[in-house]
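Worksheet for the structure shown next.
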There are 2 protein chains.
Amino acid sequence: MALGKDYVTQECSIARALEVVGERWTLLVVRDAIYGVRRYNDFLVHLGIPRAVLSARLRTLTEEGVLEKRRYQETPPRDEYVVTERGAALWPALRALGQWGREYVDGNRLRSFRHADCGGDVEPYGTCAACGTLVPVADVVMVPGPGLDSAPADPVSRALLRPKRLLEPLETDPVHLAH
Amino acid sequence: MALGKDYVTQECSIARALEVVGERWTLLVVRDAIYGVRRYNDFLVHLGIPRAVLSARLRTLTEEGVLEKRRYQETPPRDEYVVTERGAALWPALRALGQWGREYVDGNRLRSFRHADCGGDVEPYGTCAACGTLVPVADVVMVPGPGLDSAPADPVSRALLRPKRLLEPLETDPVHLAH
DNA sequence: ACCATCGGTTCGTTCACTGAACCTACCGGC
DNA sequence: GCCGGTAGGTTCAGTGAACGAACCGATGGT
């Protein structure tokens with residue numbers, strides 16, 4: 001239902017993919033999940049998304065197998081949303097889209113990606129500039145750039161000011177440490 | 001304005017890219033343009049998109065430099081929309097998204113992509129399986145798969161039933177030849 | 001004169017996103 | 001027992017965008 005009623009008339013795997021992840025906010029939720037964001041409130045403050053929309057996106061992404069809802073504590077009951085293999089497989093598309101945005105929109109000032117094993121830049125098609133290997137998502141390190149706000153209001157953005165290996169859970173500072 | 005009011009709060013090149021191409025239908029218009037579709041009516045029948053939405057998307061994509069509006073005949077005045085270098089640079093993202101759709105949604109039955117020089121498959125990250133080179137978009141050939149409707153109603157889908165090199169203009173059969 | 005094509009614009013309806021308010025469950029302090 | 005705070009939601013009125021059908025102007029063919 002991503003476009004119009006749907007894309008059933010579209011015999012195209014790009015359209016099929018967009019049926020799943022083409023709605024407003026959806027790709028940004030997946031991006032955050034790959035960055036390691038797992039908790040409802042962290043998605044909420046980092047994206048600035050309406051709660052109703054976030055609930056809907058997390059539900060459909062879970063139904064589609066892109067995220068997995070996992071109980072991580074019983075009292076009080078708390079769930080986290082963890083990206084699945086299917087979700088992590090969206091990384092090449094997100095990386096390519098980000099590469100386009102860096103090159104043609106924001107001018108390379110925000111974030112870049114490095115190969116964790118050797119520190120080389122991850123190139124446009126996903127290979128490592130230094131060692132030439134095709135870097136799997138789990139071996140990518142996000143490195144913040146000079147264009148980022150150095151003192152953002154939300155704890156998730158603050159946590160993402162430090163280099164961060166993708167897929168690993170993000171540790172947000174408790175609020176009381178921010179003052 | 002792709003999401004919410006906009007993504008200004010998002011310091012992320014993925015969000016910046018989605019500001020430009022994240023609206024409903026936009027990526028499918030770009031996909032068709034890369035497939036060689038250039039004329040208003042061809043986009044219209046192939047996508048099944050409302051006319052007002054198509055007009056709006058072509059206008060903003062032209063303003064963003066993703067497409068170029070070009071007069072190809074004077075009487076009657078007729079323009080075509082040709083993908084620019086900036087637009088063709090979206091190919092890695094579209095290919096990666098299509099790869100995900102093929103692998104996780106449609107089961108490899110629609111279209112695939114080959115390296116024009118050697119006939120090798122284009123792999124997940126955009127390299128050629130046979131010769132290993134990173135295949136530029138102009139050297140990619142779209143090859144139809146067994147899951148496609150063999151007698152589609154619109155002339156653009158019919159034209160895309162034959163292998164087609166990307167970026168080259170699509171030649172649609174005149175309607176009277178279809179009967 | 002008549003019909004068809006191409007590339008649009010206009011407009012009423014429907015649908016999705018937005019943002020604020022509200023709710024439940026739990027915890028800690030006093 | 002009461003209050004405040006956190007976490008993870010749902011509900012709802014207002015708005016903006018998408019939808020689809022109708023219309024339009026310029027041209028070409030017969």
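By order of appearance in the structure tokens: chains A, B, ..., then residues from 1 within every chain, and ligands from 1 in the order shown.
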LSQ fit chain A -> chain B, C-alpha in sequence order, output as an mmCIF file with C-alpha atoms, in the first residue's frame:
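Contents of the output file out_1.cif:
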data_model
loop_
_atom_site.group_PDB
_atom_site.id
_atom_site.type_symbol
_atom_site.label_atom_id
_atom_site.label_comp_id
_atom_site.auth_asym_id
_atom_site.auth_seq_id
_atom_site.Cartn_x
_atom_site.Cartn_y
_atom_site.Cartn_z
ATOM 1 C CA MET A 1 8.816 17.795 1.609
ATOM 2 C CA ALA A 2 8.917 14.127 1.178
ATOM 3 C CA LEU A 3 8.196 13.318 4.806
ATOM 4 C CA GLY A 4 6.074 15.309 7.173
ATOM 5 C CA LYS A 5 6.719 18.965 6.690
ATOM 6 C CA ASP A 6 10.241 18.071 5.784
ATOM 7 C CA TYR A 7 13.377 16.325 7.029
ATOM 8 C CA VAL A 8 15.242 19.428 8.151
ATOM 9 C CA THR A 9 15.702 17.945 11.589
ATOM 10 C CA GLN A 10 17.341 14.917 10.014
ATOM 11 C CA GLU A 11 21.090 15.336 9.750
ATOM 12 C CA CYS A 12 21.472 12.428 7.444
ATOM 13 C CA SER A 13 22.223 12.128 3.770
ATOM 14 C CA ILE A 14 19.688 9.322 3.430
ATOM 15 C CA ALA A 15 17.014 11.708 4.655
ATOM 16 C CA ARG A 16 18.320 14.413 2.331
ATOM 17 C CA ALA A 17 18.060 12.027 -0.584
ATOM 18 C CA LEU A 18 14.543 11.058 0.419
ATOM 19 C CA GLU A 19 13.635 14.739 0.529
ATOM 20 C CA VAL A 20 14.220 14.702 -3.227
ATOM 21 C CA VAL A 21 13.082 11.246 -4.288
ATOM 22 C CA GLY A 22 11.124 9.902 -1.293
ATOM 23 C CA GLU A 23 7.621 10.914 -2.278
ATOM 24 C CA ARG A 24 5.065 8.518 -3.564
ATOM 25 C CA TRP A 25 5.783 7.439 -7.185
ATOM 26 C CA THR A 26 9.000 9.452 -7.469
ATOM 27 C CA LEU A 27 11.445 6.530 -7.489
ATOM 28 C CA LEU A 28 9.276 4.671 -9.982
ATOM 29 C CA VAL A 29 9.345 7.673 -12.304
ATOM 30 C CA VAL A 30 13.136 7.721 -12.063
ATOM 31 C CA ARG A 31 13.247 3.957 -12.656
ATOM 32 C CA ASP A 32 11.176 4.357 -15.815
ATOM 33 C CA ALA A 33 13.364 7.244 -16.961
ATOM 34 C CA ILE A 34 16.451 5.035 -16.556
ATOM 35 C CA TYR A 35 14.639 2.275 -18.462
ATOM 36 C CA GLY A 36 14.381 4.788 -21.297
ATOM 37 C CA VAL A 37 10.862 6.117 -20.895
ATOM 38 C CA ARG A 38 10.839 9.794 -21.868
ATOM 39 C CA ARG A 39 7.336 10.900 -22.785
ATOM 40 C CA TYR A 40 4.525 12.025 -20.550
ATOM 41 C CA ASN A 41 2.062 9.568 -21.955
ATOM 42 C CA ASP A 42 4.436 6.632 -21.658
ATOM 43 C CA PHE A 43 5.028 7.329 -17.963
ATOM 44 C CA LEU A 44 1.270 7.693 -17.579
ATOM 45 C CA VAL A 45 0.205 4.377 -19.054
ATOM 46 C CA HIS A 46 3.111 2.399 -17.666
ATOM 47 C CA LEU A 47 2.799 3.618 -14.096
ATOM 48 C CA GLY A 48 -0.980 4.023 -13.873
ATOM 49 C CA ILE A 49 -0.327 7.225 -11.967
ATOM 50 C CA PRO A 50 -2.841 10.097 -11.707
ATOM 51 C CA ARG A 51 -2.048 12.808 -14.217
ATOM 52 C CA ALA A 52 -1.829 15.551 -11.618
ATOM 53 C CA VAL A 53 0.708 13.558 -9.607
ATOM 54 C CA LEU A 54 2.777 12.751 -12.684
ATOM 55 C CA SER A 55 2.863 16.437 -13.659
ATOM 56 C CA ALA A 56 3.957 17.383 -10.148
ATOM 57 C CA ARG A 57 6.674 14.698 -10.013
ATOM 58 C CA LEU A 58 8.075 15.559 -13.438
ATOM 59 C CA ARG A 59 8.176 19.218 -12.436
ATOM 60 C CA THR A 60 10.003 18.706 -9.145
ATOM 61 C CA LEU A 61 12.391 16.118 -10.609
ATOM 62 C CA THR A 62 13.214 18.612 -13.359
ATOM 63 C CA GLU A 63 13.738 21.382 -10.801
ATOM 64 C CA GLU A 64 16.002 19.101 -8.793
ATOM 65 C CA GLY A 65 18.091 18.283 -11.846
ATOM 66 C CA VAL A 66 17.216 14.608 -11.883
ATOM 67 C CA LEU A 67 15.437 14.904 -15.216
ATOM 68 C CA GLU A 68 15.884 17.386 -18.032
ATOM 69 C CA LYS A 69 12.927 18.691 -20.018
ATOM 70 C CA ARG A 70 13.860 18.809 -23.661
ATOM 71 C CA ARG A 71 11.866 19.975 -26.659
ATOM 72 C CA TYR A 72 12.058 17.385 -29.368
ATOM 73 C CA GLN A 73 9.621 18.822 -31.881
ATOM 74 C CA GLU A 74 8.136 22.254 -32.477
ATOM 75 C CA THR A 75 4.763 21.718 -34.132
ATOM 76 C CA PRO A 76 3.027 20.621 -32.134
ATOM 77 C CA PRO A 77 5.353 21.526 -29.264
ATOM 78 C CA ARG A 78 6.452 18.288 -27.585
ATOM 79 C CA ASP A 79 8.863 17.839 -24.687
ATOM 80 C CA GLU A 80 10.557 14.750 -23.421
ATOM 81 C CA TYR A 81 12.041 14.131 -19.994
ATOM 82 C CA VAL A 82 15.551 12.718 -20.126
ATOM 83 C CA VAL A 83 17.442 11.475 -17.087
ATOM 84 C CA THR A 84 20.522 13.535 -16.267
ATOM 85 C CA GLU A 85 23.839 12.382 -14.815
ATOM 86 C CA ARG A 86 22.446 13.249 -11.394
ATOM 87 C CA GLY A 87 19.423 11.070 -12.102
ATOM 88 C CA ALA A 88 21.464 8.184 -13.508
ATOM 89 C CA ALA A 89 23.502 8.308 -10.285
ATOM 90 C CA LEU A 90 20.416 6.982 -8.524
ATOM 91 C CA TRP A 91 20.864 3.698 -10.364
ATOM 92 C CA PRO A 92 22.906 1.969 -7.635
ATOM 93 C CA ALA A 93 20.167 2.736 -5.114
ATOM 94 C CA LEU A 94 17.408 1.538 -7.428
ATOM 95 C CA ARG A 95 19.338 -1.586 -8.331
ATOM 96 C CA ALA A 96 19.951 -2.404 -4.683
ATOM 97 C CA LEU A 97 16.303 -1.861 -3.859
ATOM 98 C CA GLY A 98 15.281 -4.061 -6.770
ATOM 99 C CA GLN A 99 17.741 -6.710 -5.658
ATOM 100 C CA TRP A 100 16.118 -6.723 -2.218
ATOM 101 C CA GLY A 101 12.676 -6.973 -3.755
ATOM 102 C CA ARG A 102 13.784 -9.848 -5.974
ATOM 103 C CA GLU A 103 15.372 -11.726 -3.119
ATOM 104 C CA TYR A 104 12.833 -11.163 -0.377
ATOM 105 C CA VAL A 105 9.538 -10.364 -2.085
ATOM 106 C CA ASP A 106 8.994 -11.593 -5.631
ATOM 107 C CA GLY A 107 11.324 -14.593 -5.910
ATOM 108 C CA ASN A 108 13.480 -13.691 -8.937
ATOM 109 C CA ARG A 109 10.698 -13.961 -11.454
ATOM 110 C CA LEU A 110 10.505 -10.488 -12.967
ATOM 111 C CA ARG A 111 13.527 -8.737 -14.415
ATOM 112 C CA SER A 112 17.262 -9.214 -14.093
ATOM 113 C CA PHE A 113 20.276 -7.213 -15.198
ATOM 114 C CA ARG A 114 23.277 -8.214 -17.262
ATOM 115 C CA HIS A 115 26.566 -6.637 -18.186
ATOM 116 C CA ALA A 116 26.270 -5.583 -21.847
ATOM 117 C CA ASP A 117 29.983 -6.195 -22.630
ATOM 118 C CA CYS A 118 30.210 -9.791 -21.463
ATOM 119 C CA GLY A 119 26.698 -10.959 -20.604
ATOM 120 C CA GLY A 120 27.471 -11.642 -16.921
ATOM 121 C CA ASP A 121 24.890 -11.118 -14.199
ATOM 122 C CA VAL A 122 25.058 -7.884 -12.281
ATOM 123 C CA GLU A 123 25.538 -8.920 -8.657
ATOM 124 C CA PRO A 124 24.024 -7.475 -5.459
ATOM 125 C CA TYR A 125 26.578 -4.688 -5.107
ATOM 126 C CA GLY A 126 26.683 -3.849 -8.814
ATOM 127 C CA THR A 127 29.673 -5.812 -10.050
ATOM 128 C CA CYS A 128 29.661 -8.224 -12.993
ATOM 129 C CA ALA A 129 29.711 -11.901 -12.008
ATOM 130 C CA ALA A 130 31.643 -12.865 -15.129
ATOM 131 C CA CYS A 131 34.326 -10.199 -15.523
ATOM 132 C CA GLY A 132 34.247 -8.586 -12.085
ATOM 133 C CA THR A 133 34.078 -5.009 -13.285
ATOM 134 C CA LEU A 134 31.809 -2.494 -11.655
ATOM 135 C CA VAL A 135 29.127 -2.067 -14.307
ATOM 136 C CA PRO A 136 28.167 1.540 -15.118
ATOM 137 C CA VAL A 137 24.486 2.135 -15.699
ATOM 138 C CA ALA A 138 24.923 2.701 -19.430
ATOM 139 C CA ASP A 139 26.382 -0.806 -19.797
ATOM 140 C CA VAL A 140 23.507 -2.575 -18.073
ATOM 141 C CA VAL A 141 20.960 -4.575 -20.048
ATOM 142 C CA MET A 142 17.569 -5.258 -18.511
ATOM 143 C CA VAL A 143 16.425 -8.814 -19.221
ATOM 144 C CA PRO A 144 12.762 -9.780 -18.712
ATOM 145 C CA GLY A 145 11.968 -12.786 -16.512
ATOM 146 C CA PRO A 146 9.339 -15.558 -16.599
ATOM 147 C CA GLY A 147 7.028 -13.855 -14.085
ATOM 148 C CA LEU A 148 6.105 -11.019 -16.413
ATOM 149 C CA ASP A 149 2.719 -10.796 -18.087
ATOM 150 C CA SER A 150 3.391 -11.902 -21.655
ATOM 151 C CA ALA A 151 0.693 -9.710 -23.192
ATOM 152 C CA PRO A 152 0.375 -6.515 -21.184
ATOM 153 C CA ALA A 153 -2.152 -3.866 -22.163
ATOM 154 C CA ASP A 154 0.139 -0.869 -22.333
ATOM 155 C CA PRO A 155 2.736 -0.378 -25.072
ATOM 156 C CA VAL A 156 5.511 0.503 -22.629
ATOM 157 C CA SER A 157 5.239 -2.821 -20.809
ATOM 158 C CA ARG A 158 5.173 -4.540 -24.205
ATOM 159 C CA ALA A 159 8.350 -2.736 -25.237
ATOM 160 C CA LEU A 160 9.989 -3.830 -21.972
ATOM 161 C CA LEU A 161 9.370 -7.507 -22.779
ATOM 162 C CA ARG A 162 12.494 -7.412 -24.919
ATOM 163 C CA PRO A 163 15.994 -7.018 -23.474
ATOM 164 C CA LYS A 164 16.757 -3.339 -23.242
ATOM 165 C CA ARG A 165 19.931 -1.393 -22.582
ATOM 166 C CA LEU A 166 19.368 1.172 -19.835
ATOM 167 C CA LEU A 167 19.276 4.927 -20.568
ATOM 168 C CA GLU A 168 18.621 4.431 -24.273
ATOM 169 C CA PRO A 169 15.261 5.802 -25.371
ATOM 170 C CA LEU A 170 12.435 3.299 -25.370
ATOM 171 C CA GLU A 171 10.643 2.706 -28.654
ATOM 172 C CA THR A 172 6.997 1.972 -28.130
ATOM 173 C CA ASP A 173 4.947 0.315 -30.824
ATOM 174 C CA PRO A 174 2.319 2.561 -32.348
ATOM 175 C CA VAL A 175 -1.062 1.524 -31.008
ATOM 176 C CA HIS A 176 -2.368 0.313 -34.372
ATOM 177 C CA LEU A 177 0.271 -2.407 -34.476
ATOM 178 C CA ALA A 178 -1.029 -3.916 -31.258
ATOM 179 C CA HIS A 179 -4.205 -5.295 -32.806
#
Any chance you could list, as a compact mmCIF listing (two decimals) with N, CA and C atoms, in the first residue's frame, the residues in chain B that come up strand (DSSP E or B) when DSSP is run on the backbone?
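Once written, states_14.txt looks like this:
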# COMPACT_ATOMS: atom_id res chain seq x y z
N LEU B 67 15.85 15.06 -13.84
CA LEU B 67 15.44 14.93 -15.23
C LEU B 67 15.70 16.26 -15.93
N GLU B 68 15.77 16.19 -17.26
CA GLU B 68 15.90 17.40 -18.06
C GLU B 68 14.77 17.43 -19.08
N LYS B 69 14.05 18.54 -19.10
CA LYS B 69 12.94 18.68 -20.04
C LYS B 69 13.49 19.19 -21.35
N ARG B 70 13.18 18.50 -22.45
CA ARG B 70 13.84 18.80 -23.70
C ARG B 70 12.82 18.79 -24.83
N ARG B 71 12.78 19.87 -25.59
CA ARG B 71 11.87 19.96 -26.73
C ARG B 71 12.38 19.09 -27.87
N TYR B 72 11.57 18.16 -28.33
CA TYR B 72 12.05 17.32 -29.43
C TYR B 72 11.27 17.51 -30.72
N GLN B 73 10.20 18.29 -30.67
CA GLN B 73 9.55 18.70 -31.92
C GLN B 73 8.79 19.99 -31.65
N ARG B 78 6.35 19.48 -28.40
CA ARG B 78 6.42 18.28 -27.58
C ARG B 78 7.74 18.23 -26.84
N ASP B 79 7.64 17.95 -25.53
CA ASP B 79 8.85 17.84 -24.72
C ASP B 79 9.05 16.40 -24.28
N GLU B 80 10.29 16.04 -24.05
CA GLU B 80 10.55 14.75 -23.42
C GLU B 80 11.40 14.98 -22.18
N TYR B 81 11.32 14.03 -21.26
CA TYR B 81 12.05 14.14 -20.00
C TYR B 81 13.17 13.12 -20.03
N VAL B 82 14.40 13.61 -20.02
CA VAL B 82 15.56 12.73 -20.13
C VAL B 82 16.31 12.74 -18.81
N VAL B 83 16.73 11.56 -18.38
CA VAL B 83 17.45 11.47 -17.11
C VAL B 83 18.84 12.08 -17.25
N ARG B 111 12.44 -9.14 -13.54
CA ARG B 111 13.51 -8.72 -14.46
C ARG B 111 14.86 -8.96 -13.82
N SER B 112 15.89 -9.15 -14.64
CA SER B 112 17.24 -9.20 -14.11
C SER B 112 18.12 -8.30 -14.97
N PHE B 113 19.37 -8.13 -14.54
CA PHE B 113 20.26 -7.19 -15.20
C PHE B 113 21.57 -7.87 -15.57
N ARG B 114 22.04 -7.58 -16.77
CA ARG B 114 23.26 -8.20 -17.26
C ARG B 114 24.25 -7.13 -17.70
N HIS B 115 25.52 -7.51 -17.69
CA HIS B 115 26.58 -6.64 -18.18
C HIS B 115 26.58 -6.72 -19.71
N ASP B 121 25.86 -11.71 -15.09
CA ASP B 121 24.85 -11.11 -14.19
C ASP B 121 25.44 -9.96 -13.40
N VAL B 122 24.62 -8.94 -13.16
CA VAL B 122 25.03 -7.87 -12.26
C VAL B 122 24.68 -8.31 -10.84
N THR B 127 28.55 -5.31 -9.25
CA THR B 127 29.67 -5.80 -10.04
C THR B 127 29.20 -6.93 -10.96
N CYS B 128 29.99 -7.19 -12.01
CA CYS B 128 29.64 -8.23 -12.96
C CYS B 128 30.18 -9.58 -12.48
N LEU B 134 32.94 -3.21 -12.21
CA LEU B 134 31.81 -2.50 -11.66
C LEU B 134 31.04 -1.92 -12.84
N VAL B 140 24.39 -1.56 -18.64
CA VAL B 140 23.50 -2.57 -18.07
C VAL B 140 22.38 -2.88 -19.06
N VAL B 141 22.10 -4.15 -19.24
CA VAL B 141 20.97 -4.56 -20.06
C VAL B 141 19.91 -5.18 -19.16
N MET B 142 18.68 -4.68 -19.26
CA MET B 142 17.56 -5.25 -18.53
C MET B 142 17.05 -6.46 -19.30
N VAL B 143 16.90 -7.59 -18.60
CA VAL B 143 16.41 -8.81 -19.25
C VAL B 143 15.12 -9.24 -18.58
N PRO B 144 14.04 -9.39 -19.33
CA PRO B 144 12.76 -9.77 -18.73
C PRO B 144 12.80 -11.20 -18.20
N LYS B 164 16.71 -4.76 -23.01
CA LYS B 164 16.77 -3.33 -23.25
C LYS B 164 17.95 -2.74 -22.51
N ARG B 165 18.81 -2.06 -23.25
CA ARG B 165 19.92 -1.39 -22.59
C ARG B 165 19.41 -0.16 -21.86
### Message
I'd like the contact shell of DC11 (chain C) - 12 Å cut-off, only C-alpha atoms (C1' of nucleotides), skipping same-chain residues fewer than 5 positions apart - returned as a VMD selection string.
### Response
(chain B and resid 52) or (chain D and resid 19 to 23)
Could you turn the residues from that selection into a file that holds all heavy atoms, as a short mmCIF file (atom, residue, chain, number, x, y, z; two decimals), in the first residue's frame?
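Saved as part.cif:
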data_model
loop_
_atom_site.label_atom_id
_atom_site.label_comp_id
_atom_site.auth_asym_id
_atom_site.auth_seq_id
_atom_site.Cartn_x
_atom_site.Cartn_y
_atom_site.Cartn_z
N ALA B 52 -2.29 14.44 -12.43
CA ALA B 52 -1.83 15.59 -11.65
C ALA B 52 -0.56 15.24 -10.88
O ALA B 52 0.34 16.06 -10.76
CB ALA B 52 -2.93 16.04 -10.68
P DC D 19 -1.92 8.10 -5.67
OP1 DC D 19 -1.60 6.70 -5.35
OP2 DC D 19 -1.15 8.84 -6.68
"O5'" DC D 19 -3.47 8.17 -6.06
"C5'" DC D 19 -4.43 7.70 -5.14
"C4'" DC D 19 -5.83 7.95 -5.65
"O4'" DC D 19 -6.15 9.34 -5.48
"C3'" DC D 19 -6.03 7.65 -7.13
"O3'" DC D 19 -6.95 6.59 -7.26
"C2'" DC D 19 -6.56 8.96 -7.74
"C1'" DC D 19 -7.01 9.74 -6.51
N1 DC D 19 -6.83 11.22 -6.60
C2 DC D 19 -7.94 12.05 -6.46
O2 DC D 19 -9.07 11.55 -6.31
N3 DC D 19 -7.77 13.40 -6.51
C4 DC D 19 -6.56 13.91 -6.67
N4 DC D 19 -6.44 15.23 -6.69
C5 DC D 19 -5.40 13.08 -6.81
C6 DC D 19 -5.58 11.74 -6.77
P DG D 20 -7.09 5.79 -8.66
OP1 DG D 20 -7.53 4.43 -8.30
OP2 DG D 20 -5.86 6.02 -9.42
"O5'" DG D 20 -8.29 6.50 -9.43
"C5'" DG D 20 -9.52 6.73 -8.76
"C4'" DG D 20 -10.39 7.65 -9.60
"O4'" DG D 20 -9.99 9.02 -9.39
"C3'" DG D 20 -10.27 7.42 -11.11
"O3'" DG D 20 -11.55 7.65 -11.68
"C2'" DG D 20 -9.30 8.51 -11.53
"C1'" DG D 20 -9.78 9.63 -10.64
N9 DG D 20 -8.85 10.73 -10.45
C8 DG D 20 -7.48 10.70 -10.54
N7 DG D 20 -6.92 11.86 -10.31
C5 DG D 20 -7.98 12.71 -10.06
C6 DG D 20 -7.99 14.09 -9.75
O6 DG D 20 -7.03 14.86 -9.64
N1 DG D 20 -9.29 14.57 -9.56
C2 DG D 20 -10.43 13.80 -9.66
N2 DG D 20 -11.58 14.43 -9.44
N3 DG D 20 -10.43 12.50 -9.94
C4 DG D 20 -9.17 12.03 -10.14
P DA D 21 -12.06 6.85 -12.99
OP1 DA D 21 -12.62 5.56 -12.55
OP2 DA D 21 -11.01 6.91 -14.02
"O5'" DA D 21 -13.25 7.81 -13.45
"C5'" DA D 21 -13.96 8.57 -12.47
"C4'" DA D 21 -14.18 9.98 -12.97
"O4'" DA D 21 -13.04 10.80 -12.64
"C3'" DA D 21 -14.38 10.09 -14.49
"O3'" DA D 21 -15.61 10.74 -14.76
"C2'" DA D 21 -13.17 10.88 -14.97
"C1'" DA D 21 -12.81 11.69 -13.71
N9 DA D 21 -11.41 12.11 -13.64
C8 DA D 21 -10.30 11.35 -13.86
N7 DA D 21 -9.17 12.01 -13.73
C5 DA D 21 -9.56 13.30 -13.40
C6 DA D 21 -8.84 14.48 -13.14
N6 DA D 21 -7.50 14.53 -13.16
N1 DA D 21 -9.55 15.59 -12.86
C2 DA D 21 -10.88 15.53 -12.83
N3 DA D 21 -11.68 14.48 -13.06
C4 DA D 21 -10.95 13.38 -13.35
P DA D 22 -16.14 10.95 -16.28
OP1 DA D 22 -17.57 10.64 -16.27
OP2 DA D 22 -15.20 10.27 -17.20
"O5'" DA D 22 -15.95 12.54 -16.48
"C5'" DA D 22 -16.32 13.41 -15.42
"C4'" DA D 22 -15.79 14.80 -15.73
"O4'" DA D 22 -14.37 14.84 -15.45
"C3'" DA D 22 -15.97 15.23 -17.19
"O3'" DA D 22 -16.64 16.47 -17.25
"C2'" DA D 22 -14.53 15.31 -17.73
"C1'" DA D 22 -13.72 15.58 -16.47
N9 DA D 22 -12.33 15.10 -16.53
C8 DA D 22 -11.91 13.84 -16.84
N7 DA D 22 -10.60 13.71 -16.83
C5 DA D 22 -10.13 14.97 -16.50
C6 DA D 22 -8.85 15.50 -16.33
N6 DA D 22 -7.73 14.77 -16.47
N1 DA D 22 -8.74 16.81 -16.01
C2 DA D 22 -9.85 17.52 -15.87
N3 DA D 22 -11.13 17.14 -16.00
C4 DA D 22 -11.20 15.84 -16.32
P DC D 23 -17.10 17.11 -18.65
OP1 DC D 23 -18.36 17.85 -18.38
OP2 DC D 23 -17.05 16.06 -19.69
"O5'" DC D 23 -15.95 18.16 -18.97
"C5'" DC D 23 -15.59 19.11 -17.97
"C4'" DC D 23 -14.29 19.77 -18.35
"O4'" DC D 23 -13.21 18.82 -18.23
"C3'" DC D 23 -14.23 20.29 -19.79
"O3'" DC D 23 -14.09 21.70 -19.77
"C2'" DC D 23 -13.01 19.59 -20.39
"C1'" DC D 23 -12.23 19.16 -19.17
N1 DC D 23 -11.35 17.96 -19.38
C2 DC D 23 -9.97 18.10 -19.28
O2 DC D 23 -9.48 19.21 -19.01
N3 DC D 23 -9.18 17.01 -19.46
C4 DC D 23 -9.73 15.82 -19.75
N4 DC D 23 -8.91 14.78 -19.92
C5 DC D 23 -11.14 15.67 -19.85
C6 DC D 23 -11.90 16.74 -19.67
#
### Message
Using only C-alpha atoms (C1' of nucleotides), can you tell me which of D:DC12, D:DA7, D:DA17, D:DA26 comes closest to chain A?
### Response
D:DA7
